[in-house]
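The structure appears right after this line, and notes come after that.
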Amino acid sequence: MDLFKKTSNPAFNNYFFGDNRTSSKTMSVTGIFIKSMLSIAIIVIISIGMWRLHASGANIKWYSLGGMLAAIVISIIISVRQHWAHILVPLYAIAKGFFLGAMTVYAHAQFPNLPYQAIGITMVTFIVMLLLYQMRIIVVTKKLRSVIITAATSIFVVYIISWILGFFGIKVFIWGTSWPAIAFNILAAIFASLSLLLDFDYIERHKNKSPKYKEWIATWGLLVTLVWLYMEVLRLMRKLAIRF
């Protein structure tokens with residue numbers, strides 16, 4: 001398949017949806033919706049638990065780091081053992097619950113109610129992008145795909161490089177509160193939002209065609225994008241709150 005027909009989200013590339021094997025049960029939008037709601041519920045429940053742990057005086061730093069690393073490992077396993085997705089995706093949701101729960105607690109401790117606003121903005125953005133896609137106000141063309149894929153990949157590479165440099169005591173500007181850092185954050189949030197369009201488009205093109213178990217893969221893909229979007233919004237709002 002042409003590169004430009006792929007999505008920027010790794011969970012929606014040809015590796016997962018490229019096989020043409022027939023199945024009596026196929027992937028459906030309803031199935032993806034139910035599994036997505038279940039996964040989000042898991043994240044919310046774990047996050048609430050993190051809030052209670054923090055309120056009791058427990059150190060949740062290691063929960064955050066452990067959740068992040070576990071999510072990365074689970075994602076790698078999903079990429080090579082997709083038939084295990086029905087087990088791995090809920091585990092991914094648990095790991096992200098620990099990570100997001102800790103990040104949310106830290107943000108709330110510094111700026112009360114900021115996480116609630118970030119969650120609200122993420123939900124509104126998701127709905128708006130879904131409406132824009134369903135009403136064909138924004139049409140997912142080859143050119144749009146290429147732009148989003150290139151930008152999302154570049155942003156990901158910048159984050160990876162800055163994370164590695166951090167181990168050597170080198171602080172990259174994107175983690176600060178300067179105007180260039182804020183501009184980068186805004187750019188990342190925009191392309192995280194646009195990535196939802198590619199995910200919607202890929203799901204639509206493969207619904208009722210791909211095997212049923214790949215609903216879990218599609219669910220994982222949406223979670224990846226939504227978590228990315230939420231974290232970008234939360235970071236952006238925190239930076240703006242510090243400056244103003």
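Identifiers in this document derive from the order of the structure tokens: chains are assigned A, B, ..., residues are numbered from 1 separately in each chain, and ligands are numbered from 1 in order of occurrence.
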
Selection near region 216-227 of chain A, 9 Å with only C-alpha atoms, sequence-local residues under 2 positions removed, as a PyMOL selection string: chain A and resi 9-12+16+27+31-33+35-36+39-40+75+78+82+85-86+88-90+92-93+96+100+122-123+126+192-193+195-196+199-200+203+212-214+229-232

Those in region 9-172 of chain A with helix (DSSP H, G or I) from DSSP, as a ChimeraX atom specification: /A:10-12,14-17,29-55,61-80,82-110,114-134,142-166

Long-range neighbours of Leu53 (chain A) as a VMD selection string, 12 Å cut-off, only C-alpha atoms, 4 positions minimum in chain: chain A and resid 46 to 49 57 to 61 63 98 101 to 102 105

Dump N, CA, C and O atoms for the selected residues as a PDB file, in the first residue's frame?
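So the final result, stored in out06.pdb, reads:
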```
ATOM      1  N   ILE A  46      -8.082   3.562  37.442  1.00  0.00           N
ATOM      2  CA  ILE A  46      -6.699   3.532  37.929  1.00  0.00           C
ATOM      3  C   ILE A  46      -6.245   4.933  38.332  1.00  0.00           C
ATOM      4  O   ILE A  46      -5.567   5.117  39.353  1.00  0.00           O
ATOM      5  N   SER A  47      -6.626   5.925  37.557  1.00  0.00           N
ATOM      6  CA  SER A  47      -6.241   7.311  37.853  1.00  0.00           C
ATOM      7  C   SER A  47      -6.830   7.772  39.183  1.00  0.00           C
ATOM      8  O   SER A  47      -6.162   8.453  39.971  1.00  0.00           O
ATOM      9  N   ILE A  48      -8.071   7.395  39.435  1.00  0.00           N
ATOM     10  CA  ILE A  48      -8.706   7.738  40.721  1.00  0.00           C
ATOM     11  C   ILE A  48      -7.942   7.094  41.864  1.00  0.00           C
ATOM     12  O   ILE A  48      -7.727   7.696  42.924  1.00  0.00           O
ATOM     13  N   GLY A  49      -7.499   5.848  41.641  1.00  0.00           N
ATOM     14  CA  GLY A  49      -6.704   5.158  42.647  1.00  0.00           C
ATOM     15  C   GLY A  49      -5.402   5.886  42.926  1.00  0.00           C
ATOM     16  O   GLY A  49      -4.952   5.962  44.085  1.00  0.00           O
ATOM     17  N   GLY A  57      -0.519  10.246  51.120  1.00  0.00           N
ATOM     18  CA  GLY A  57       0.880  10.546  51.395  1.00  0.00           C
ATOM     19  C   GLY A  57       1.872   9.629  50.705  1.00  0.00           C
ATOM     20  O   GLY A  57       3.077   9.725  50.933  1.00  0.00           O
ATOM     21  N   ALA A  58       1.392   8.731  49.861  1.00  0.00           N
ATOM     22  CA  ALA A  58       2.275   7.788  49.172  1.00  0.00           C
ATOM     23  C   ALA A  58       3.045   8.483  48.055  1.00  0.00           C
ATOM     24  O   ALA A  58       2.565   9.446  47.446  1.00  0.00           O
ATOM     25  N   ASN A  59       4.246   7.989  47.774  1.00  0.00           N
ATOM     26  CA  ASN A  59       5.068   8.517  46.683  1.00  0.00           C
ATOM     27  C   ASN A  59       4.668   7.808  45.387  1.00  0.00           C
ATOM     28  O   ASN A  59       4.864   6.600  45.250  1.00  0.00           O
ATOM     29  N   ILE A  60       4.105   8.548  44.444  1.00  0.00           N
ATOM     30  CA  ILE A  60       3.608   7.934  43.214  1.00  0.00           C
ATOM     31  C   ILE A  60       4.554   8.123  42.035  1.00  0.00           C
ATOM     32  O   ILE A  60       4.197   7.805  40.898  1.00  0.00           O
ATOM     33  N   LYS A  61       5.745   8.619  42.297  1.00  0.00           N
ATOM     34  CA  LYS A  61       6.706   8.853  41.219  1.00  0.00           C
ATOM     35  C   LYS A  61       7.002   7.580  40.448  1.00  0.00           C
ATOM     36  O   LYS A  61       7.022   7.574  39.210  1.00  0.00           O
ATOM     37  N   TYR A  63       5.191   4.929  40.238  1.00  0.00           N
ATOM     38  CA  TYR A  63       4.013   4.446  39.514  1.00  0.00           C
ATOM     39  C   TYR A  63       3.978   5.084  38.124  1.00  0.00           C
ATOM     40  O   TYR A  63       3.629   4.436  37.130  1.00  0.00           O
ATOM     41  N   PHE A  98      -1.867   4.332  35.380  1.00  0.00           N
ATOM     42  CA  PHE A  98      -0.859   4.692  36.371  1.00  0.00           C
ATOM     43  C   PHE A  98      -0.090   5.943  35.937  1.00  0.00           C
ATOM     44  O   PHE A  98       0.124   6.858  36.725  1.00  0.00           O
ATOM     45  N   GLY A 101      -2.538   8.978  35.636  1.00  0.00           N
ATOM     46  CA  GLY A 101      -3.006   9.312  36.974  1.00  0.00           C
ATOM     47  C   GLY A 101      -1.973  10.123  37.731  1.00  0.00           C
ATOM     48  O   GLY A 101      -2.289  11.153  38.347  1.00  0.00           O
ATOM     49  N   ALA A 102      -0.716   9.677  37.661  1.00  0.00           N
ATOM     50  CA  ALA A 102       0.356  10.393  38.354  1.00  0.00           C
ATOM     51  C   ALA A 102       0.575  11.774  37.750  1.00  0.00           C
ATOM     52  O   ALA A 102       0.714  12.775  38.477  1.00  0.00           O
ATOM     53  N   VAL A 105      -2.211  14.059  38.808  1.00  0.00           N
ATOM     54  CA  VAL A 105      -2.090  14.462  40.217  1.00  0.00           C
ATOM     55  C   VAL A 105      -1.060  15.571  40.370  1.00  0.00           C
ATOM     56  O   VAL A 105      -1.300  16.562  41.072  1.00  0.00           O
TER      57      VAL A 105
END
```

Coordinates-based distance that separates CA of Arg136 (chain A) from CA of Leu194 (chain A) (Å, one decimal):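 Pair CA of Leu194 (chain A) / CA of Arg136 (chain A) returns 13.7 Å.
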
CA of Ala118 (chain A) to CA of Ile186 (chain A), distance in Å rounded to a single decimal: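 Going from CA of Ala118 (chain A) over to CA of Ile186 (chain A), I get 13.4 Å.
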
Neighbour list for Lys171 (chain A) as a list in words, cut-off 12 Å, only C-alpha atoms, skip fewer than 5 positions in-chain: Tyr159, Ile161, Ser162, Trp163, Ile164, Leu165, Gly166, Gly176 and Ala181 of chain A

Minimum-distance residue to Tyr133 (chain A), chosen among A:Arg81, A:Asp201, A:Val172, A:Phe191 (using only C-alpha atoms):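 Smallest separation from Tyr133 (chain A) among the options: A:Asp201.
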
CA of Gly169 (chain A) to CA of Lys239 (chain A), straight-line distance in Å: 21.2 Å
